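For reference, coords-v1.csv is printed below; it contains CSV, C-alpha atoms and all ligand atoms.
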chain,number,residue,atom,x,y,z
A,4,MET,CA,118.5,-63.2,-18.7
A,5,THR,CA,121.9,-61.3,-18.3
A,6,GLN,CA,120.9,-60.3,-14.8
A,7,ALA,CA,120.0,-63.9,-14.0
A,8,ILE,CA,123.4,-65.1,-15.2
A,9,ARG,CA,125.2,-62.3,-13.3
A,10,GLN,CA,123.2,-63.2,-10.1
A,11,THR,CA,124.2,-66.9,-10.5
A,12,THR,CA,127.8,-66.0,-11.1
A,13,THR,CA,127.8,-63.8,-7.9
A,14,GLN,CA,126.3,-66.6,-5.9
A,15,THR,CA,128.9,-69.1,-7.3
A,16,THR,CA,131.8,-66.6,-6.4
A,17,THR,CA,130.4,-66.0,-2.9
A,18,ARG,CA,130.1,-69.8,-2.3
A,19,GLY,CA,133.6,-70.4,-3.7
A,20,LEU,CA,135.0,-67.6,-1.4
A,21,ARG,CA,133.3,-69.0,1.6
A,22,ARG,CA,134.6,-72.5,0.9
A,23,HIS,CA,138.1,-71.2,0.3
A,24,ASN,CA,138.1,-69.3,3.6
A,25,ARG,CA,136.7,-72.3,5.5
A,26,SER,CA,139.3,-74.5,3.8
A,27,MET,CA,142.2,-72.2,4.9
A,28,VAL,CA,141.1,-72.2,8.5
A,29,LEU,CA,140.3,-76.0,8.7
A,30,SER,CA,143.7,-76.9,7.0
A,31,HIS,CA,145.7,-74.7,9.4
A,32,LEU,CA,144.0,-76.2,12.4
A,33,TYR,CA,144.3,-79.8,11.1
A,34,VAL,CA,148.0,-79.6,10.1
A,35,GLU,CA,149.4,-77.1,12.7
A,36,GLY,CA,147.1,-78.0,15.7
A,37,PRO,CA,145.0,-75.7,18.0
A,38,ALA,CA,145.2,-71.9,17.4
A,39,SER,CA,143.5,-68.7,18.6
A,40,ARG,CA,141.5,-66.5,16.2
A,41,LEU,CA,144.4,-64.0,16.2
A,42,GLU,CA,146.9,-66.7,15.2
A,43,LEU,CA,144.5,-67.9,12.5
A,44,ALA,CA,144.2,-64.4,11.1
A,45,ARG,CA,148.1,-64.1,11.0
A,46,ALA,CA,148.6,-67.5,9.4
A,47,THR,CA,145.9,-67.2,6.7
A,48,GLY,CA,146.1,-63.5,5.9
A,49,LEU,CA,142.3,-63.2,6.4
A,50,SER,CA,140.9,-60.2,8.3
A,51,ALA,CA,139.9,-60.5,12.0
A,52,ALA,CA,136.2,-60.0,10.9
A,53,THR,CA,136.4,-62.8,8.3
A,54,ILE,CA,138.1,-65.2,10.7
A,55,SER,CA,135.4,-64.4,13.3
A,56,ASN,CA,132.6,-65.2,10.7
A,57,VAL,CA,134.3,-68.4,9.4
A,58,VAL,CA,135.0,-69.7,12.9
A,59,THR,CA,131.3,-69.1,14.0
A,60,ASP,CA,130.3,-70.9,10.8
A,61,LEU,CA,132.6,-73.9,11.6
A,62,LEU,CA,131.5,-74.0,15.3
A,63,ASP,CA,127.8,-74.1,14.2
A,64,ASP,CA,128.6,-76.9,11.8
A,65,GLY,CA,130.3,-78.9,14.5
A,66,LEU,CA,133.6,-79.2,12.6
A,67,VAL,CA,135.6,-77.1,15.1
A,68,ALA,CA,135.5,-76.9,18.9
A,69,GLU,CA,136.9,-74.6,21.6
A,70,ALA,CA,140.0,-76.2,23.2
A,71,GLY,CA,141.1,-74.2,26.2
A,72,SER,CA,142.7,-70.8,26.2
A,73,VAL,CA,146.1,-69.1,26.2
A,74,ASP,CA,147.5,-66.1,28.0
A,75,SER,CA,147.2,-63.0,25.8
A,76,GLY,CA,149.9,-61.0,27.7
A,77,GLY,CA,147.7,-58.8,29.9
A,78,GLY,CA,144.2,-58.8,28.3
A,79,ARG,CA,141.5,-61.4,28.3
A,80,PRO,CA,142.9,-64.9,27.5
A,81,HIS,CA,142.6,-66.0,23.9
A,82,LYS,CA,140.4,-69.0,23.3
A,83,LEU,CA,142.0,-71.8,21.3
A,84,LEU,CA,140.1,-73.6,18.5
A,85,ALA,CA,140.7,-77.1,17.3
A,86,ILE,CA,139.3,-79.6,14.8
A,87,ARG,CA,136.5,-81.4,16.7
A,88,PRO,CA,137.5,-85.0,17.6
A,89,GLY,CA,135.4,-87.7,16.0
A,90,LEU,CA,135.1,-86.3,12.5
A,91,GLY,CA,134.8,-89.8,11.1
A,92,HIS,CA,137.1,-92.6,9.9
A,93,VAL,CA,139.2,-92.9,6.8
A,94,ALA,CA,140.8,-96.0,5.3
A,95,GLY,CA,144.3,-96.0,3.7
A,96,VAL,CA,145.5,-98.7,1.4
A,97,ASP,CA,149.1,-99.4,0.4
A,98,ILE,CA,149.3,-101.6,-2.8
A,99,GLY,CA,153.0,-102.6,-2.4
A,100,GLU,CA,155.2,-105.0,-4.3
A,101,THR,CA,155.1,-107.7,-1.6
A,102,CYS,CA,151.7,-107.1,0.1
A,103,VAL,CA,148.5,-105.1,0.3
A,104,LYS,CA,148.3,-103.2,3.6
A,105,VAL,CA,145.0,-101.6,4.8
A,106,GLY,CA,144.7,-99.2,7.8
A,107,LEU,CA,141.6,-97.7,9.4
A,108,PHE,CA,142.4,-94.3,10.9
A,109,ASP,CA,140.3,-91.8,12.9
A,110,GLY,CA,139.9,-88.2,11.8
A,111,ALA,CA,143.2,-87.3,13.5
A,112,LEU,CA,145.0,-90.0,11.5
A,113,SER,CA,145.6,-92.3,14.6
A,114,THR,CA,145.6,-96.0,13.6
A,115,VAL,CA,142.4,-97.8,14.7
A,116,ALA,CA,142.8,-101.2,12.9
A,117,THR,CA,145.0,-102.8,10.3
A,118,ALA,CA,145.0,-105.8,7.9
A,119,SER,CA,147.7,-107.1,5.6
A,120,TYR,CA,147.7,-109.6,2.8
A,121,ALA,CA,151.0,-111.0,1.3
A,122,ILE,CA,151.1,-111.3,-2.5
A,123,GLY,CA,153.6,-113.2,-4.6
A,124,SER,CA,155.3,-111.6,-7.6
A,125,GLU,CA,153.0,-113.6,-9.9
A,126,GLU,CA,149.8,-112.3,-8.3
A,127,PHE,CA,149.6,-108.7,-9.5
A,128,GLU,CA,146.5,-109.4,-11.7
A,129,PRO,CA,144.4,-106.2,-11.2
A,130,GLY,CA,141.2,-108.0,-10.4
A,131,LEU,CA,142.9,-110.0,-7.6
A,132,VAL,CA,144.6,-107.0,-6.1
A,133,ALA,CA,141.2,-105.0,-6.2
A,134,ARG,CA,139.5,-107.9,-4.4
A,135,LEU,CA,142.2,-107.8,-1.6
A,136,VAL,CA,141.7,-104.0,-1.3
A,137,ILE,CA,137.9,-104.4,-0.9
A,138,ALA,CA,138.3,-107.3,1.6
A,139,GLY,CA,140.9,-105.3,3.6
A,140,VAL,CA,138.6,-102.2,3.8
A,141,ARG,CA,135.7,-104.4,5.0
A,142,GLU,CA,138.0,-106.3,7.5
A,143,VAL,CA,139.4,-103.2,9.2
A,144,CYS,CA,135.9,-101.7,9.5
A,145,GLN,CA,134.5,-104.9,10.9
A,146,GLN,CA,137.3,-105.1,13.5
A,147,VAL,CA,136.0,-102.0,15.2
A,148,GLY,CA,132.3,-102.0,14.2
A,149,VAL,CA,132.5,-99.1,11.7
A,150,ASP,CA,130.1,-99.0,8.7
A,151,PRO,CA,132.2,-99.0,5.5
A,152,HIS,CA,129.6,-96.9,3.8
A,153,GLY,CA,129.9,-94.2,6.4
A,154,LEU,CA,133.7,-93.7,5.9
A,155,LEU,CA,134.9,-90.2,5.2
A,156,GLY,CA,136.8,-91.7,2.3
A,157,VAL,CA,139.2,-94.4,1.1
A,158,GLY,CA,142.7,-93.5,-0.2
A,159,VAL,CA,144.8,-95.9,-2.2
A,160,GLY,CA,148.6,-95.5,-2.8
A,161,VAL,CA,150.0,-97.4,-5.9
A,162,PRO,CA,153.6,-97.9,-7.0
A,163,GLY,CA,153.1,-96.1,-10.4
A,164,ALA,CA,151.5,-93.1,-12.1
A,165,VAL,CA,147.8,-92.3,-11.8
A,166,GLU,CA,146.0,-90.3,-14.5
A,167,PRO,CA,144.1,-87.5,-12.9
A,168,SER,CA,140.7,-88.5,-14.5
A,169,PRO,CA,137.5,-90.0,-13.0
A,170,SER,CA,138.6,-93.5,-14.0
A,171,SER,CA,142.1,-92.9,-12.4
A,172,LEU,CA,143.9,-95.1,-14.9
A,173,VAL,CA,147.0,-96.6,-13.3
A,174,HIS,CA,150.3,-97.2,-15.1
A,175,ALA,CA,152.6,-99.3,-12.9
A,176,PRO,CA,155.2,-101.2,-15.0
A,177,ILE,CA,156.6,-102.7,-11.8
A,178,LEU,CA,153.2,-104.5,-11.3
A,179,GLY,CA,152.9,-105.1,-15.1
A,180,TRP,CA,149.9,-102.7,-15.1
A,181,SER,CA,149.1,-100.4,-18.1
A,182,ASP,CA,145.9,-98.3,-18.2
A,183,VAL,CA,144.3,-100.3,-15.4
A,184,PRO,CA,140.9,-98.7,-14.4
A,185,LEU,CA,141.4,-99.4,-10.7
A,186,ALA,CA,138.9,-96.8,-9.5
A,187,GLU,CA,136.2,-98.2,-11.7
A,188,THR,CA,136.7,-101.7,-10.3
A,189,LEU,CA,136.8,-100.5,-6.7
A,190,ARG,CA,133.8,-98.3,-7.0
A,191,ARG,CA,131.6,-101.3,-7.7
A,192,GLU,CA,132.1,-102.3,-4.0
A,193,ILE,CA,133.4,-99.2,-2.2
A,194,HIS,CA,130.8,-96.5,-1.9
A,195,ALA,CA,132.7,-94.0,0.1
A,196,PRO,CA,134.6,-91.2,-1.7
A,197,LEU,CA,137.6,-92.9,-3.4
A,198,HIS,CA,141.1,-91.3,-4.1
A,199,ILE,CA,144.0,-93.0,-5.8
A,200,ASP,CA,147.5,-91.5,-6.1
A,201,ASN,CA,151.2,-92.5,-6.4
A,202,CYS,CA,152.5,-94.1,-3.2
A,203,ALA,CA,155.5,-91.8,-2.9
A,204,ARG,CA,153.4,-88.7,-3.2
A,205,THR,CA,150.9,-89.9,-0.5
A,206,LEU,CA,153.8,-90.8,1.7
A,207,GLY,CA,155.2,-87.3,1.1
A,208,GLN,CA,152.0,-85.8,2.3
A,209,ALA,CA,152.0,-87.9,5.5
A,210,GLU,CA,155.6,-87.0,6.4
A,211,MET,CA,154.7,-83.3,5.8
A,212,TRP,CA,151.6,-83.4,8.0
A,213,ARG,CA,152.6,-85.8,10.7
A,214,GLY,CA,156.3,-86.7,10.3
A,215,ALA,CA,159.8,-85.4,9.5
A,216,GLY,CA,158.6,-82.8,7.0
A,217,ARG,CA,156.6,-80.7,9.5
A,218,GLY,CA,157.5,-77.1,9.5
A,219,SER,CA,159.4,-77.4,6.2
A,220,GLY,CA,158.4,-75.3,3.2
A,221,GLN,CA,159.7,-77.7,0.6
A,222,ALA,CA,160.9,-81.3,1.1
A,223,VAL,CA,161.8,-84.3,-1.0
A,224,VAL,CA,160.4,-87.4,0.6
A,225,ALA,CA,162.1,-90.5,-0.7
A,226,LEU,CA,160.2,-93.8,-0.5
A,227,LEU,CA,162.7,-96.7,-0.1
A,228,GLY,CA,161.1,-100.1,-0.6
A,229,ALA,CA,161.6,-102.9,-3.0
A,230,GLY,CA,162.2,-100.0,-5.5
A,231,LEU,CA,162.7,-96.3,-5.0
A,232,GLY,CA,160.4,-93.3,-5.5
A,233,ALA,CA,160.3,-89.7,-4.4
A,234,ALA,CA,157.9,-86.9,-4.0
A,235,LEU,CA,158.7,-83.2,-4.0
A,236,THR,CA,156.3,-81.7,-1.5
A,237,THR,CA,155.7,-78.1,-1.0
A,238,GLY,CA,153.8,-77.0,2.2
A,239,SER,CA,150.9,-79.5,2.5
A,240,ASN,CA,150.4,-80.1,-1.2
A,241,PRO,CA,152.3,-82.7,-3.2
A,242,PHE,CA,153.8,-81.4,-6.4
A,243,HIS,CA,152.2,-82.9,-9.5
A,244,GLY,CA,154.6,-82.7,-12.4
A,245,ALA,CA,153.3,-82.0,-15.9
A,246,SER,CA,153.7,-85.7,-16.9
A,247,ASN,CA,152.4,-86.9,-13.5
A,248,MET,CA,155.6,-88.9,-13.1
A,249,ALA,CA,157.3,-86.5,-10.6
A,250,SER,CA,158.0,-89.4,-8.3
A,251,GLU,CA,160.2,-91.6,-10.6
A,252,TRP,CA,163.5,-90.5,-9.1
A,253,GLY,CA,164.5,-94.2,-8.8
A,254,HIS,CA,164.7,-94.4,-12.6
A,255,THR,CA,167.2,-91.6,-13.1
A,256,VAL,CA,170.4,-93.0,-14.5
A,257,ILE,CA,173.5,-92.7,-12.3
A,258,VAL,CA,175.8,-95.3,-14.1
A,259,VAL,CA,176.1,-95.4,-17.9
A,260,ARG,CA,175.7,-98.9,-19.2
A,261,GLY,CA,175.2,-100.0,-15.5
A,262,GLN,CA,173.1,-102.7,-13.9
A,263,PRO,CA,169.9,-103.7,-15.7
A,264,CYS,CA,166.8,-102.2,-14.1
A,265,ARG,CA,163.2,-103.5,-13.9
A,266,CYS,CA,162.0,-100.6,-16.0
A,267,GLY,CA,164.0,-101.8,-19.0
A,268,SER,CA,166.8,-99.2,-18.8
A,269,ARG,CA,170.2,-99.7,-17.3
A,270,GLY,CA,172.1,-98.0,-14.5
A,271,CYS,CA,169.0,-96.5,-12.7
A,272,LEU,CA,169.4,-95.5,-9.1
A,273,GLU,CA,166.9,-98.1,-8.1
A,274,ALA,CA,169.1,-100.8,-9.5
A,275,TYR,CA,171.6,-99.9,-6.8
A,276,VAL,CA,169.6,-98.8,-3.7
A,277,GLY,CA,166.2,-100.6,-4.0
A,278,ALA,CA,166.0,-103.4,-1.4
A,279,GLU,CA,166.0,-106.1,-4.1
A,280,ALA,CA,169.2,-104.6,-5.6
A,281,ILE,CA,171.0,-104.3,-2.2
A,282,LEU,CA,170.3,-108.0,-1.5
A,283,ALA,CA,171.4,-109.1,-5.0
A,284,ASP,CA,174.6,-107.1,-4.5
A,285,TYR,CA,175.3,-108.8,-1.2
A,286,ARG,CA,174.6,-112.3,-2.6
A,287,SER,CA,177.0,-111.6,-5.5
A,288,ARG,CA,179.9,-110.9,-3.1
A,289,ARG,CA,182.4,-113.8,-2.7
A,290,SER,CA,182.5,-113.7,1.1
A,291,SER,CA,178.6,-113.5,1.5
A,292,THR,CA,176.8,-116.4,3.2
A,293,PRO,CA,173.1,-117.3,2.5
A,294,LEU,CA,170.4,-115.4,4.3
A,295,VAL,CA,168.0,-117.3,6.5
A,296,ALA,CA,165.0,-115.1,5.6
A,297,THR,CA,163.2,-115.8,2.3
A,298,ASP,CA,161.1,-112.6,2.1
A,299,LEU,CA,162.4,-109.2,1.1
A,300,GLU,CA,161.8,-107.4,4.4
A,301,GLY,CA,163.2,-110.2,6.5
A,302,GLY,CA,166.2,-110.5,4.2
A,303,LEU,CA,167.0,-106.8,4.4
A,304,ALA,CA,166.6,-106.7,8.2
A,305,GLU,CA,169.0,-109.7,8.4
A,306,LEU,CA,171.5,-107.9,6.2
A,307,VAL,CA,171.4,-104.8,8.3
A,308,ALA,CA,172.0,-106.9,11.5
A,309,ARG,CA,174.9,-108.7,9.8
A,310,SER,CA,176.5,-105.4,8.7
A,311,ARG,CA,177.2,-104.5,12.3
A,312,ASP,CA,179.9,-107.2,12.2
A,313,GLY,CA,181.5,-105.8,9.1
A,314,GLY,CA,182.4,-108.0,6.1
A,315,ALA,CA,180.3,-108.3,2.9
A,316,ALA,CA,177.1,-107.1,4.5
A,317,ARG,CA,178.8,-103.9,5.6
A,318,ASP,CA,180.4,-103.4,2.1
A,319,ALA,CA,177.0,-103.9,0.4
A,320,LEU,CA,175.4,-101.2,2.7
A,321,ASP,CA,178.4,-98.8,2.2
A,322,ASP,CA,178.1,-99.1,-1.6
A,323,ALA,CA,174.3,-98.5,-1.4
A,324,ALA,CA,174.9,-95.5,0.8
A,325,GLU,CA,177.3,-94.0,-1.7
A,326,TYR,CA,174.9,-94.5,-4.6
A,327,LEU,CA,172.0,-93.1,-2.5
A,328,GLY,CA,174.2,-90.1,-1.5
A,329,VAL,CA,175.0,-89.4,-5.2
A,330,GLY,CA,171.2,-89.7,-6.1
A,331,ILE,CA,170.4,-87.2,-3.4
A,332,ALA,CA,173.2,-84.8,-4.5
A,333,ASN,CA,171.6,-84.8,-8.0
A,334,LEU,CA,168.2,-83.9,-6.4
A,335,VAL,CA,169.8,-81.2,-4.3
A,336,ASN,CA,171.6,-79.7,-7.3
A,337,VAL,CA,168.3,-79.6,-9.4
A,338,LEU,CA,165.7,-78.8,-6.8
A,339,SER,CA,167.5,-77.3,-3.8
A,340,PRO,CA,165.0,-78.6,-1.2
A,341,GLU,CA,165.1,-77.7,2.5
A,342,ARG,CA,164.9,-81.4,3.5
A,343,VAL,CA,165.4,-84.8,2.1
A,344,ILE,CA,163.5,-87.4,4.1
A,345,LEU,CA,164.4,-91.2,3.9
A,346,SER,CA,161.1,-93.0,4.4
A,347,GLY,CA,159.3,-96.2,3.5
A,348,TRP,CA,159.8,-99.7,5.1
A,349,ALA,CA,163.4,-100.1,3.7
A,350,GLY,CA,164.2,-96.5,4.7
A,351,ALA,CA,163.1,-97.3,8.3
A,352,LEU,CA,165.5,-100.3,8.3
A,353,LEU,CA,168.4,-98.7,6.5
A,354,ALA,CA,168.5,-95.1,7.8
A,355,PRO,CA,169.9,-95.8,11.3
A,356,GLU,CA,172.8,-97.7,9.7
A,357,ILE,CA,173.7,-95.7,6.6
A,358,LEU,CA,172.5,-92.1,7.2
A,359,PRO,CA,176.0,-90.7,8.1
A,360,ALA,CA,177.5,-92.3,5.0
A,361,VAL,CA,174.6,-91.0,2.8
A,362,ARG,CA,175.1,-87.5,4.1
A,363,ASP,CA,178.8,-87.7,3.5
A,364,ALA,CA,178.4,-88.9,-0.1
A,365,ALA,CA,175.7,-86.2,-0.8
A,366,ARG,CA,178.0,-83.5,0.6
A,367,ARG,CA,180.9,-84.6,-1.6
A,368,HIS,CA,178.8,-84.7,-4.8
A,369,ALA,CA,176.4,-81.7,-4.3
A,370,LEU,CA,177.3,-78.1,-5.0
A,371,PRO,CA,178.4,-76.6,-1.7
A,372,HIS,CA,175.9,-73.7,-1.6
A,373,ALA,CA,172.9,-76.1,-2.4
A,374,TYR,CA,174.1,-78.7,0.2
A,375,ALA,CA,174.5,-76.1,2.9
A,376,LYS,CA,170.7,-75.5,2.8
A,377,VAL,CA,169.5,-79.1,3.0
A,378,LYS,CA,169.0,-81.5,5.9
A,379,ILE,CA,168.9,-85.2,5.2
A,380,GLU,CA,166.7,-86.8,7.8
A,381,PRO,CA,165.1,-90.2,8.5
A,382,GLY,CA,161.3,-90.5,8.2
A,383,GLN,CA,159.3,-90.6,11.4
A,384,LEU,CA,156.3,-92.6,10.4
A,385,GLY,CA,157.7,-96.1,10.4
A,386,ARG,CA,157.0,-99.0,8.1
A,387,ASP,CA,153.2,-98.5,7.6
A,388,ALA,CA,153.6,-94.9,6.4
A,389,VAL,CA,152.3,-95.5,2.9
A,390,ALA,CA,148.8,-96.7,4.2
A,391,LEU,CA,148.8,-93.6,6.4
A,392,GLY,CA,149.8,-91.4,3.5
A,393,ALA,CA,146.9,-92.9,1.4
A,394,ALA,CA,144.5,-92.0,4.2
A,395,THR,CA,145.6,-88.4,3.9
A,396,LEU,CA,144.0,-88.2,0.4
A,397,PRO,CA,140.3,-88.2,1.6
A,398,ILE,CA,141.3,-85.9,4.5
A,399,ALA,CA,143.0,-83.5,2.1
A,400,ASP,CA,139.8,-83.5,-0.1
A,401,PHE,CA,137.7,-82.9,3.0
A,402,LEU,CA,139.9,-79.9,4.0
A,403,ALA,CA,140.0,-78.5,0.4
A,404,ALA,CA,136.2,-78.6,0.3
A,405,GLY,CA,136.0,-76.5,3.5
A,406,GLY,CA,134.5,-79.5,5.4
A,407,SER,CA,131.4,-81.3,4.2
A,408,PRO,CA,128.1,-82.4,5.7
A,409,ARG,CA,129.2,-86.0,5.0
A,410,ALA,CA,131.8,-85.6,7.7
A,411,ILE,CA,129.2,-84.7,10.3
A,412,SER,CA,126.9,-87.6,9.4
A,413,ALA,CA,129.9,-90.0,9.6
A,414,CYS,CA,130.6,-89.3,13.3
A,501,ZN,ZN,164.8,-98.0,-14.0

Can I see the file as structure tokens?
Ligand SMILES: [Zn+2]
Amino acid sequence: MTQAIRQTTTQTTTRGLRRHNRSMVLSHLYVEGPASRLELARATGLSAATISNVVTDLLDDGLVAEAGSVDSGGGRPHKLLAIRPGLGHVAGVDIGETCVKVGLFDGALSTVATASYAIGSEEFEPGLVARLVIAGVREVCQQVGVDPHGLLGVGVGVPGAVEPSPSSLVHAPILGWSDVPLAETLRREIHAPLHIDNCARTLGQAEMWRGAGRGSGQAVVALLGAGLGAALTTGSNPFHGASNMASEWGHTVIVVRGQPCRCGSRGCLEAYVGAEAILADYRSRRSSTPLVATDLEGGLAELVARSRDGGAARDALDDAAEYLGVGIANLVNVLSPERVILSGWAGALLAPEILPAVRDAARRHALPHAYAKVKIEPGQLGRDAVALGAATLPIADFLAAGGSPRAISAC
């Protein structure tokens, strides 16, 4: 009996070690791109013999392919290895405060198809939002003839906290959601592996893998939208705080007894630099004139355009930049990240206009030694980055599992 248990334990340990080694090699090739066996050994710390075995294993499984060779400096050229193209498709969903966006991506995270559904502020009923998500996943698959059941997975980013449990209960006060069993509802119709996480964290992973965070050991990725979130991301793994609310930077207070915030508190950073707050600030200024656009994105784009002529629009953006710089200085003093990345749809609109002023305010308010180590950069993934970030969830799961047979059958 004891011997049987010991044998089972040894098998489990061996299987776990094999999966871990495969995961390290696959993750490096996925995030960093093609590499030789020698480079893989250096990057992962695995021995040359182990790398050789793992690579043979992955080549046999069709997960990795040879991709040319590089000069070895005199000897035989080193063959390069890469993730095999055509691993399958993943869907990424951004449940935002103004719309539900769905993207279909190939295994390399290139966009294949998109769908978008506008939602009004009164339409956040969980059942309705779930139906839009399901319809969107079906629509993007239909656009390019992909079987939704064969997807490598579906990732969903939500503007709130997600309990790491099988039912993935969502707490999103901004949507009026408390203990919403979103995964349970979606699983009735979506049969591919499903992953749900906070939208700032999924965005953070996308910027680290494919955007402005590449090559950085530790970055804070700020999601500027109607509200404001942030994810502290280390390497390719988002940091999950003990309370799973690591991304609620927008609700740190920067003005005592300040502006009321949607969360119920006052003086939160979001109440000064969220897109809604910036537009409200502009409208409250005496010399402002009504905006033509009626939607949030259109309104902010119009405000940014007007700011180039100075006046109330410029003053509103200057004030937002000052508050954002103070918020970033607080982050820098507490976390000392290597980079702070301004991402999200509002970040994409605002960064070209306010980045120098944000950097200046952060420099004036952060401790000099901490500020000297940080770079404040615009995001590189544009306005649909949250859907892309959500799509990284099933890919991350696939890499962590060391690749899975499901990926091969989904080609
Ligand atoms: Zn708040």

I'd like the contact shell of His368 (chain A) - 9 Å cut-off, all atoms listed in the file, skipping same-chain residues fewer than 6 positions apart - returned as a tab-separated table (two decimals) with C-alpha atoms, in the coordinates of the input.
chain	number	residue	atom	x	y	z
A	328	GLY	CA	174.20	-90.10	-1.50
A	329	VAL	CA	175.00	-89.40	-5.20
A	331	ILE	CA	170.40	-87.20	-3.40
A	332	ALA	CA	173.20	-84.80	-4.50
A	333	ASN	CA	171.60	-84.80	-8.00

Next on the checklist: Show me which residues line ligand ZN 501 (chain A), defined as having an atom within 6 Å of a ligand atom where all atoms listed in the file count, and present them as a ChimeraX atom specification.
Outcome noted: /A:254,264-266,268,271

Checklist entry - Quick one: distance from CA of Leu172 (chain A) to CA of Leu185 (chain A) in Å, one decimal? => result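 Going from CA of Leu172 (chain A) over to CA of Leu185 (chain A), I get 6.5 Å.
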
Next on the checklist: Considering all atoms listed in the file, can you say which of A:Pro88, A:Pro340, A:Ser39, A:Leu294 comes closest to Asp74 (chain A)?
Outcome noted: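 Closest to Asp74 (chain A) of all the choices is A:Ser39.
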
Item to check | Residue among A:Ala369, A:Val115, A:Leu206, A:Pro162 lying closest to Gly148 (chain A), counting all atoms listed in the file | outcome: A:Val115

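The space separating CA of Ser290 (chain A) from CA of Leu345 (chain A) comes to 29.0 Å.
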
Checklist entry - What does the distance between CA of Ala364 (chain A) and CA of Ile379 (chain A) come to in Å, to one decimal place? => result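 Here the two named atoms are 11.5 Å from each other.
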
Item to check | From A:Glu341, A:Phe401, A:Ile281, A:Asp150, residue lying nearest Arg317 (chain A) [only C-alpha atoms] | outcome: A:Ile281

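When all atoms listed in the file are used to compute distances to Ala94 (chain A), the closest of the residues A:Ala118, A:Ala373, A:Leu61, A:Ala319 turns out to be A:Ala118.
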